[in-house]
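*Asks:* Mind having a look at this structure? Questions to follow.
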Amino acid sequence: MSFFWSSWITIFSLACWVFIFGVLVWTLKTKPVLEEDETTGHSYDGIREYDKPLPKWWLAVFFGTLAWGLGYFVLYPSIQPNSWKGITTVEVDGQQVPWTSKNELNSQLQANNKVFTENFEQNILAVAGATDAVPVLAKLSELQAEQRKNAEPDSDLQAKIDEQVKLLAPYVDKLAGDPEAQKVGNRLFLQNCALCHGSNAKGATGYPDLTDNDWLHGGNADEILLTIHNGRVGAMAAWQKQLGESGVRAAAEYVLSISSGHGAGVDNGELNQSLVAQGKAIFEANCVLCHGADAKGLTAFGAPNLTDDIWLFGGDRETVQTTIRHGRAGVMPEWQTKLGNERIMLLAAYVRSLSQNPVE
Ligand code: HEC
Ligand code: HEC
């Protein structure tokens, strides 16, 4: 909160407390002059006012709430949080730190995570015979903590982290065959991934199907782990400037000619063969670097196979032209900061099992 609002609230709440306390003390002290009949002489519509003491229980409650308020001032960062942090503490990263709502949230998240991790180690890793993953995970967390301290990304450290992530692959393969791990993985998938990939993981336009055996970034456990851990960005350049509109159309015609299946309205018989020939030359000069000489794609670049009948963005003539004209940049977010390594292992195992045992 800004200095202004913190000050405003501090002054307002202290002033309220002092005012209420003052009014109470004042009314207790002030004795009105009484008439002979023990009333104050005030009369409202014939109702006469006595001066009886306030009931004890009422006073007790009133002073109680004032004491309660005072207690809150002492316990929590109530007076300009920068000058009074309160005496309440919560545990974050194994240390007692002053209470703030953010620290409390972190503390609870860490406590939950601890329970999750223990459960994961005892009920999932141990059952799947993968307890050897524990030291790998510990080393990985250590490297990640080091990375979080750096202001600038450190590529050497990132390479070490990636190496460590890949070491988890054999254990992910074990989890992929474990029913309990699959159950938890499925739940995590529905919570975090279904939004983009669909609850059946079959994807949508721009969001890859994870149940087939067609991979942009690779379908081995280590590749899937890295995809989820670091995230991925598809980098298909826009070609309109370099190739011109006729070049884009030729390249698209060639792409359609090599795919084994395309969208509605295109059949091989009606492809423009002279455009296809032009497109082939363009493709060989510009596209093989990423899509491969055989156009079957290269996972190193996240470039899709163009010879199959699976389309990320669509296989009708217009969509293929649009893809080449303007480029594409699908973004798969990173999950290490949000989910942590244990959940990433479970998700990788789940994704891996989907393509191994395709669900219909
Ligand atoms: C915001 C949308 C979004 C969310 C949420 C998301 N993904 Fe993705 N994911 C993508 C996109 C887009 C791609 C394709 C990236 C590209 O074009 O290279 C992708 C790619 C992938 C791939 C690589 C597929 C391949 O063919 O190589 C995997 C595996 C994957 N996601 C798993 C997950 C998992 C597991 C989660 C949940 C933790 C998740 N995704 C959540 C958008 C998302
Ligand atoms: C720098 C590497 C790179 C080059 C060069 C490149 N592409 Fe791509 N291409 C990609 C990537 C990566 C994707 C996936 C984009 C995404 O996931 O968002 C892609 C996607 C595509 C798609 C979409 C396929 C689908 O399933 O919807 C087509 C079509 C395509 N490229 C054609 C071409 C053509 C034609 C050329 C040459 C003119 C070319 N690409 C050059 C990397 C490249």
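Identifiers for the structure tokens are assigned positionally: chains receive A, B, ... in sequence, residues are indexed from 1 per chain, and ligands are indexed from 1 in the order shown.
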For chain A versus ligand 2, which residues have an atom no more than 7 Å away, and what is each residue's nearest atom pair and distance in Å rounded to one decimal, using only C-alpha atoms and all ligand atoms, chain-then-number order, as CSV?
*Replies:*
residue,atom,partner,partner_atom_place_in_ligand_line,distance
A:Gly206,CA,ligand 2,18 (O),6.8
A:Val233,CA,ligand 2,18 (O),6.8
A:Gly234,CA,ligand 2,16 (C),3.7
A:Ala235,CA,ligand 2,12 (C),4.2
A:Met236,CA,ligand 2,10 (C),3.8
A:Ala237,CA,ligand 2,1 (C),6.1
A:Trp239,CA,ligand 2,38 (C),6.2
A:Ala251,CA,ligand 2,35 (C),5.0
A:Ala252,CA,ligand 2,35 (C),6.0
A:Val255,CA,ligand 2,35 (C),6.2
A:Ile282,CA,ligand 2,38 (C),6.6
A:Phe283,CA,ligand 2,37 (C),5.2
A:Asn286,CA,ligand 2,37 (C),4.9
A:Cys287,CA,ligand 2,37 (C),3.6
A:Val288,CA,ligand 2,5 (C),6.8
A:Leu289,CA,ligand 2,5 (C),5.7
A:Cys290,CA,ligand 2,2 (C),4.2
A:His291,CA,ligand 2,7 (N),6.0
A:Phe301,CA,ligand 2,12 (C),5.5
A:Gly302,CA,ligand 2,12 (C),4.5
A:Ala303,CA,ligand 2,11 (C),3.8
A:Pro304,CA,ligand 2,13 (C),5.7
A:Leu306,CA,ligand 2,24 (C),6.2
A:Ile310,CA,ligand 2,26 (O),6.2
A:Trp311,CA,ligand 2,26 (O),3.4
A:Leu312,CA,ligand 2,26 (O),3.7
A:Phe313,CA,ligand 2,27 (O),3.7
A:Gly314,CA,ligand 2,27 (O),5.0
A:Gly315,CA,ligand 2,27 (O),6.4
A:Val320,CA,ligand 2,29 (C),5.0
A:Thr323,CA,ligand 2,29 (C),5.9
A:Ile324,CA,ligand 2,32 (C),5.6
A:Arg328,CA,ligand 2,18 (O),4.5
A:Ala329,CA,ligand 2,18 (O),3.8
A:Gly330,CA,ligand 2,18 (O),3.5
A:Val331,CA,ligand 2,18 (O),7.0
*Asks:* How would you write, as an MDAnalysis selection string, the set of residues no farther than 8 Å from ligand 1 when counting only C-alpha atoms and all ligand atoms?
*Replies:* chainID A and resid 188:189 191:197 206:210 214:219 223:225 227:228 231:235 299 302:303 312 328:333 335 339 344 347:348 350:351
*Asks:* Can you spit out the residues from that selection as a PDB file, in the first residue's frame, using C-alpha atoms?
*Replies:*
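selection_20.pdb, freshly written:
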ATOM      1  CA  LEU A 188      -3.209 -31.669 -12.288  1.00  0.00           C
ATOM      2  CA  PHE A 189      -3.733 -31.684 -16.033  1.00  0.00           C
ATOM      3  CA  GLN A 191      -6.552 -27.914 -13.338  1.00  0.00           C
ATOM      4  CA  ASN A 192      -3.642 -26.410 -15.234  1.00  0.00           C
ATOM      5  CA  CYS A 193      -3.475 -27.565 -18.823  1.00  0.00           C
ATOM      6  CA  ALA A 194      -6.990 -28.366 -20.031  1.00  0.00           C
ATOM      7  CA  LEU A 195      -7.710 -24.695 -20.655  1.00  0.00           C
ATOM      8  CA  CYS A 196      -5.425 -24.779 -23.702  1.00  0.00           C
ATOM      9  CA  HIS A 197      -4.967 -28.459 -24.552  1.00  0.00           C
ATOM     10  CA  GLY A 206      -2.689 -23.628 -32.296  1.00  0.00           C
ATOM     11  CA  TYR A 207      -2.629 -25.946 -29.260  1.00  0.00           C
ATOM     12  CA  PRO A 208      -1.095 -29.308 -30.012  1.00  0.00           C
ATOM     13  CA  ASP A 209      -2.834 -32.640 -29.512  1.00  0.00           C
ATOM     14  CA  LEU A 210      -0.840 -34.443 -26.802  1.00  0.00           C
ATOM     15  CA  ASP A 214       3.283 -36.233 -33.546  1.00  0.00           C
ATOM     16  CA  TRP A 215       5.576 -33.994 -31.512  1.00  0.00           C
ATOM     17  CA  LEU A 216       6.766 -30.438 -32.048  1.00  0.00           C
ATOM     18  CA  HIS A 217       9.359 -30.577 -29.303  1.00  0.00           C
ATOM     19  CA  GLY A 218       9.788 -34.312 -28.863  1.00  0.00           C
ATOM     20  CA  GLY A 219       7.843 -37.040 -27.090  1.00  0.00           C
ATOM     21  CA  GLU A 223      11.871 -33.660 -23.900  1.00  0.00           C
ATOM     22  CA  ILE A 224       8.392 -33.515 -22.352  1.00  0.00           C
ATOM     23  CA  LEU A 225       9.931 -32.635 -18.973  1.00  0.00           C
ATOM     24  CA  THR A 227       8.798 -28.533 -22.400  1.00  0.00           C
ATOM     25  CA  ILE A 228       6.740 -28.318 -19.210  1.00  0.00           C
ATOM     26  CA  GLY A 231       7.968 -23.621 -21.578  1.00  0.00           C
ATOM     27  CA  ARG A 232       8.408 -23.321 -25.359  1.00  0.00           C
ATOM     28  CA  VAL A 233       7.874 -20.671 -27.998  1.00  0.00           C
ATOM     29  CA  GLY A 234       7.210 -21.723 -31.586  1.00  0.00           C
ATOM     30  CA  ALA A 235       9.265 -19.528 -33.916  1.00  0.00           C
ATOM     31  CA  THR A 299      12.181 -31.067 -32.744  1.00  0.00           C
ATOM     32  CA  GLY A 302       9.906 -27.077 -32.607  1.00  0.00           C
ATOM     33  CA  ALA A 303       9.122 -27.182 -36.330  1.00  0.00           C
ATOM     34  CA  LEU A 312      -1.400 -27.279 -35.772  1.00  0.00           C
ATOM     35  CA  ARG A 328       3.291 -18.128 -36.070  1.00  0.00           C
ATOM     36  CA  ALA A 329       4.481 -18.057 -32.480  1.00  0.00           C
ATOM     37  CA  GLY A 330       2.607 -20.510 -30.268  1.00  0.00           C
ATOM     38  CA  VAL A 331       3.502 -20.047 -26.604  1.00  0.00           C
ATOM     39  CA  MET A 332       3.612 -22.882 -24.115  1.00  0.00           C
ATOM     40  CA  PRO A 333       4.105 -21.256 -20.675  1.00  0.00           C
ATOM     41  CA  TRP A 335       5.513 -24.241 -15.097  1.00  0.00           C
ATOM     42  CA  LEU A 339       3.919 -25.990  -9.973  1.00  0.00           C
ATOM     43  CA  ILE A 344       5.951 -31.425 -13.348  1.00  0.00           C
ATOM     44  CA  LEU A 347       2.331 -34.153 -15.529  1.00  0.00           C
ATOM     45  CA  ALA A 348       5.147 -35.353 -17.781  1.00  0.00           C
ATOM     46  CA  TYR A 350       0.619 -38.300 -17.579  1.00  0.00           C
ATOM     47  CA  VAL A 351       1.355 -36.710 -20.971  1.00  0.00           C
TER      48      VAL A 351
END
*Asks:* Hey, what does DSSP flag as alpha helix (DSSP H) within stretch 5-249 of chain A? Can you give it to me as an NGL selection string?
*Replies:* :A and (5-29 or 56-75 or 101-119 or 133-149 or 155-166 or 169-175 or 179-192 or 194-197 or 221-230 or 240-249)
*Asks:* Would you save the residues from that selection as a compact mmCIF listing (two decimals), in the first residue's frame, using C-alpha atoms?
*Replies:*
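Written output follows (again-v1.txt):
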# COMPACT_ATOMS: atom_id res chain seq x y z
CA TRP A 5 -3.09 5.19 2.22
CA SER A 6 -1.09 3.51 4.99
CA SER A 7 -0.93 6.83 6.88
CA TRP A 8 -4.60 7.51 6.24
CA ILE A 9 -5.67 4.16 7.63
CA THR A 10 -3.28 4.39 10.60
CA ILE A 11 -4.56 7.83 11.61
CA PHE A 12 -8.19 6.89 11.04
CA SER A 13 -8.10 3.68 13.08
CA LEU A 14 -6.09 5.19 15.97
CA ALA A 15 -8.36 8.24 16.06
CA CYS A 16 -11.45 6.01 16.13
CA TRP A 17 -10.06 4.03 19.03
CA VAL A 18 -9.16 7.15 21.04
CA PHE A 19 -12.52 8.76 20.28
CA ILE A 20 -14.58 5.76 21.40
CA PHE A 21 -12.48 5.30 24.54
CA GLY A 22 -12.81 9.02 25.30
CA VAL A 23 -16.60 9.04 24.87
CA LEU A 24 -16.95 6.04 27.15
CA VAL A 25 -14.78 7.53 29.92
CA TRP A 26 -16.54 10.86 29.61
CA THR A 27 -20.04 9.37 29.95
CA LEU A 28 -18.94 7.30 32.95
CA LYS A 29 -17.57 10.37 34.70
CA LYS A 56 -21.93 -4.48 33.80
CA TRP A 57 -22.02 -7.03 30.96
CA TRP A 58 -22.40 -4.22 28.45
CA LEU A 59 -19.41 -2.34 29.86
CA ALA A 60 -17.38 -5.55 29.91
CA VAL A 61 -18.14 -6.18 26.23
CA PHE A 62 -17.35 -2.57 25.35
CA PHE A 63 -14.01 -2.47 27.15
CA GLY A 64 -13.36 -5.96 25.82
CA THR A 65 -13.67 -4.79 22.22
CA LEU A 66 -11.37 -1.85 22.93
CA ALA A 67 -8.79 -4.21 24.44
CA TRP A 68 -9.24 -6.52 21.45
CA GLY A 69 -8.57 -3.61 19.10
CA LEU A 70 -5.45 -2.69 21.06
CA GLY A 71 -4.32 -6.32 20.84
CA TYR A 72 -4.62 -6.21 17.05
CA PHE A 73 -2.56 -3.02 16.94
CA VAL A 74 0.21 -4.84 18.83
CA LEU A 75 -0.01 -8.17 16.95
CA SER A 101 -0.80 -11.27 4.06
CA LYS A 102 1.78 -12.15 1.41
CA ASN A 103 4.07 -13.89 3.93
CA GLU A 104 1.10 -15.76 5.35
CA LEU A 105 0.10 -16.97 1.88
CA ASN A 106 3.67 -18.07 1.14
CA SER A 107 3.87 -19.81 4.47
CA GLN A 108 0.66 -21.75 3.82
CA LEU A 109 1.71 -22.62 0.27
CA GLN A 110 5.02 -23.94 1.58
CA ALA A 111 3.28 -25.96 4.29
CA ASN A 112 0.91 -27.44 1.67
CA ASN A 113 3.82 -28.16 -0.62
CA LYS A 114 5.61 -29.98 2.17
CA VAL A 115 2.61 -32.24 2.69
CA PHE A 116 2.33 -32.77 -1.08
CA THR A 117 6.04 -33.57 -1.41
CA GLU A 118 5.98 -36.05 1.46
CA ASN A 119 2.95 -37.73 -0.02
CA ALA A 133 14.58 -39.48 -7.99
CA VAL A 134 14.65 -37.80 -4.54
CA PRO A 135 18.35 -36.75 -4.55
CA VAL A 136 17.97 -35.56 -8.17
CA LEU A 137 15.02 -33.41 -7.17
CA ALA A 138 16.94 -32.02 -4.19
CA LYS A 139 19.88 -31.03 -6.38
CA LEU A 140 17.49 -29.48 -8.91
CA SER A 141 15.80 -27.34 -6.23
CA GLU A 142 19.21 -26.19 -5.06
CA LEU A 143 20.16 -25.04 -8.58
CA GLN A 144 16.78 -23.34 -9.03
CA ALA A 145 17.16 -21.48 -5.73
CA GLU A 146 20.56 -20.26 -6.92
CA GLN A 147 19.02 -19.13 -10.20
CA ARG A 148 16.26 -17.21 -8.43
CA LYS A 149 18.90 -15.19 -6.56
CA SER A 155 23.01 -19.56 -19.25
CA ASP A 156 25.59 -21.89 -17.66
CA LEU A 157 23.35 -22.38 -14.68
CA GLN A 158 20.34 -22.91 -16.97
CA ALA A 159 22.29 -25.63 -18.81
CA LYS A 160 23.00 -27.35 -15.49
CA ILE A 161 19.33 -27.12 -14.54
CA ASP A 162 18.29 -28.61 -17.89
CA GLU A 163 20.77 -31.47 -17.37
CA GLN A 164 19.25 -32.14 -13.96
CA VAL A 165 15.70 -32.02 -15.35
CA LYS A 166 16.68 -34.62 -17.99
CA ALA A 169 13.37 -38.96 -17.32
CA PRO A 170 13.74 -42.61 -16.23
CA TYR A 171 11.60 -41.98 -13.14
CA VAL A 172 8.94 -40.26 -15.25
CA ASP A 173 8.83 -43.38 -17.41
CA LYS A 174 8.24 -45.45 -14.27
CA LEU A 175 5.47 -43.11 -13.13
CA PRO A 179 -2.07 -45.92 -11.79
CA GLU A 180 -1.87 -43.71 -8.67
CA ALA A 181 0.57 -41.31 -10.39
CA GLN A 182 -1.74 -41.23 -13.41
CA LYS A 183 -4.70 -40.28 -11.25
CA VAL A 184 -2.89 -37.34 -9.67
CA GLY A 185 -1.39 -36.39 -13.05
CA ASN A 186 -4.83 -36.34 -14.62
CA ARG A 187 -6.15 -34.05 -11.88
CA LEU A 188 -3.21 -31.67 -12.29
CA PHE A 189 -3.73 -31.68 -16.03
CA LEU A 190 -7.41 -30.76 -15.73
CA GLN A 191 -6.55 -27.91 -13.34
CA ASN A 192 -3.64 -26.41 -15.23
CA ALA A 194 -6.99 -28.37 -20.03
CA LEU A 195 -7.71 -24.69 -20.66
CA CYS A 196 -5.42 -24.78 -23.70
CA HIS A 197 -4.97 -28.46 -24.55
CA ALA A 221 10.28 -38.22 -21.21
CA ASP A 222 13.26 -35.83 -21.08
CA GLU A 223 11.87 -33.66 -23.90
CA ILE A 224 8.39 -33.51 -22.35
CA LEU A 225 9.93 -32.64 -18.97
CA LEU A 226 11.88 -29.74 -20.51
CA THR A 227 8.80 -28.53 -22.40
CA ILE A 228 6.74 -28.32 -19.21
CA HIS A 229 9.58 -27.08 -17.00
CA ASN A 230 10.88 -24.26 -19.23
CA GLN A 240 5.73 -12.13 -46.86
CA LYS A 241 8.51 -9.53 -47.10
CA GLN A 242 11.17 -11.96 -48.19
CA LEU A 243 9.15 -14.08 -50.63
CA GLY A 244 6.49 -11.66 -51.80
CA GLU A 245 2.84 -12.65 -52.16
CA SER A 246 3.48 -14.92 -55.15
CA GLY A 247 6.30 -16.67 -53.28
CA VAL A 248 4.00 -17.24 -50.28
CA ARG A 249 1.34 -18.76 -52.55
*Asks:* Please, what distance in Å, to one decimal, runs between atom CA of A:Asp132 and atom CA of A:Leu167?
*Replies:*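 Atom-to-atom, atom CA of A:Asp132 to atom CA of A:Leu167, that is 10.5 Å.
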*Asks:* Go ahead and compute the interatomic distance for atom CA of A:Asn305 and atom CA of A:Ala277, in Å to one decimal.
*Replies:*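 Interatomic distance, atom CA of A:Asn305 to atom CA of A:Ala277: 19.9 Å.
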*Asks:* Please compute the atom CA of A:Ser199-atom CA of A:Arg343 distance, one decimal, in Å.
*Replies:*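 That distance, rounded to one decimal, is 17.6 Å.
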